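See structure below.
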Amino acid sequence: MSEPINFFLNSDNLKPRSEVRIEKLDAQPLPDGRRVKVQLDVTPFREKPSFEIAILDAAGARVGGTTVIEAMTFRLELTLHLRGVAQPEGDYTLHVALYYEDPAEPQDHAQTTITIPAPAE
């Protein structure tokens with residue numbers, strides 16, 4: 001007989017806040033060129049972390065982003081919109097900071113680049 005499937009996490013696998021890190025960050029532009037799908041995986045945690053997420057243009061100006069307060073899951077999937085960008089094609093940087101009390105003092109961060117292609121003619 002096979003072993004039953006356990007749908008609940010074993011608390012032994014959940015890490016204390018000092019060991020929680022961003023494990024994976026992926027960003028893909030959506031076909032409209034004005035939205036970005038973001039996938040973020042973090043260490044299984046005991047205490048819920050928060051995240052500051054920003055999309056920066058080539059000049060370093062913030063053109064999109066969000067704040068996630070006390071995430072409930074170890075994998076987040078978000079759709080972020082580019083704001084105030086007339087011609088969105090080009091390179092962007094997605095930056096994510098993981099924190100607990102103070103967003104100015106993140107305990108981990110990750111970034112990746114995003115390229116929005118020019119629209120097909």
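Just remember, in the structure tokens the first chain shown is A, the second B, etc., residues are 1-based per chain, and ligands are 1-based in the order shown.
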Contacts of A:Lys37 within 6 Å, only C-alpha atoms, excl. fewer than 4 positions in-chain, as a VMD selection string = chain A and resid 27 to 28 78 to 79
note = re atom CA of A:Val63 and atom CA of A:Val42: distance 24.4 Å
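Per DSSP on the backbone, helix (DSSP H, G or I) in chain A comprises Ser11, Asp12, Asn13, Arg17, Ser18 and Glu19 of chain A.
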Once you have the residues from the selection above, write them out as a CSV table (one decimal), in the first residue's frame, restricted to C-alpha atoms.
```csv
chain,number,residue,atom,x,y,z
A,11,SER,CA,6.2,22.5,10.9
A,12,ASP,CA,9.7,21.1,11.1
A,13,ASN,CA,10.1,22.2,7.4
A,17,ARG,CA,12.5,34.5,9.8
A,18,SER,CA,16.3,34.7,9.9
A,19,GLU,CA,16.5,31.9,7.4
```
inquiry  = Could you check the closest approach to A:Pro119 for each of A:Pro16, A:Gly90, A:Pro49, A:Gly60 and tell me which residue wins, using only C-alpha atoms?
reply    = A:Gly90
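Ranking A:Ala71, A:Leu76, A:Ala118, A:Ala110 by their shortest atom-to-atom distance to A:Ala54, with only C-alpha atoms included, puts A:Ala110 first.
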inquiry  = Nearest residue to A:Arg83 out of A:Asp57, A:Glu101, A:Glu23, A:Glu70, using only C-alpha atoms?
reply    =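 Of the candidates, the smallest distance to A:Arg83 is held by A:Asp57.
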Could you name the residues that touch A:Thr115 at 10 Å or less, counting only C-alpha atoms, but leaving out those on the same chain fewer than 4 positions away, as a CSV table (one decimal) with C-alpha atoms, in the first residue's frame?
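Listed below is the output, result_18.csv:
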```
chain,number,residue,atom,x,y,z
A,27,ALA,CA,9.4,37.9,-14.8
A,28,GLN,CA,7.8,37.6,-18.2
A,29,PRO,CA,6.2,40.4,-20.3
A,33,GLY,CA,3.6,44.9,-23.7
A,88,PRO,CA,7.0,50.4,-23.3
A,89,GLU,CA,9.5,48.5,-25.5
A,90,GLY,CA,12.9,48.2,-23.9
A,91,ASP,CA,14.8,46.9,-20.9
A,92,TYR,CA,13.6,47.1,-17.3
A,93,THR,CA,14.8,45.8,-14.0
```
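The space between atom CA of A:Ala59 and atom CA of A:Val96 spans 17.8 Å.
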remark   = In terms of only C-alpha atoms, the residue from A:Arg35, A:Glu47, A:Ala86, A:Ile22 at minimal distance from A:Gly64 is A:Arg35
message = Based on the backbone DSSP call, show me all residues of stretch 11-104 of chain A assigned strand (DSSP E), as a PyMOL selection string.
response = chain A and resi 22-29+35-42+50-56+62-68+75-81+90-99
query = Which of these, A:Gln87, A:Thr67, A:Thr113, A:Thr43, has the shortest distance to A:Val20 once you count only C-alpha atoms?
reply =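 Smallest separation from A:Val20 among the options: A:Thr43.
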inquiry  = So that I can check the surroundings of A:Arg75, please list as a PyMOL selection string every protein, DNA and RNA residue that reaches within 8 Å of it, counting only C-alpha atoms and ignoring chain neighbours fewer than 6 positions away.
reply    = chain A and resi 39-42
query = Neighbours of A:Ile69 within 10 Å (only C-alpha atoms; same-chain residues fewer than 5 positions away dropped), as number ranges by chain?
reply = A: 48-52, 99-100
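Relative to atom CA of A:His109, atom CA of A:Pro31 is found at 27.3 Å.
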request  = May I ask which of the residues A:Val38, A:Gly84, A:Phe45, A:Asp32 is the closest one to A:Thr66, counting only C-alpha atoms?
outcome  =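 Using only C-alpha atoms, the shortest distance to A:Thr66 belongs to A:Val38.
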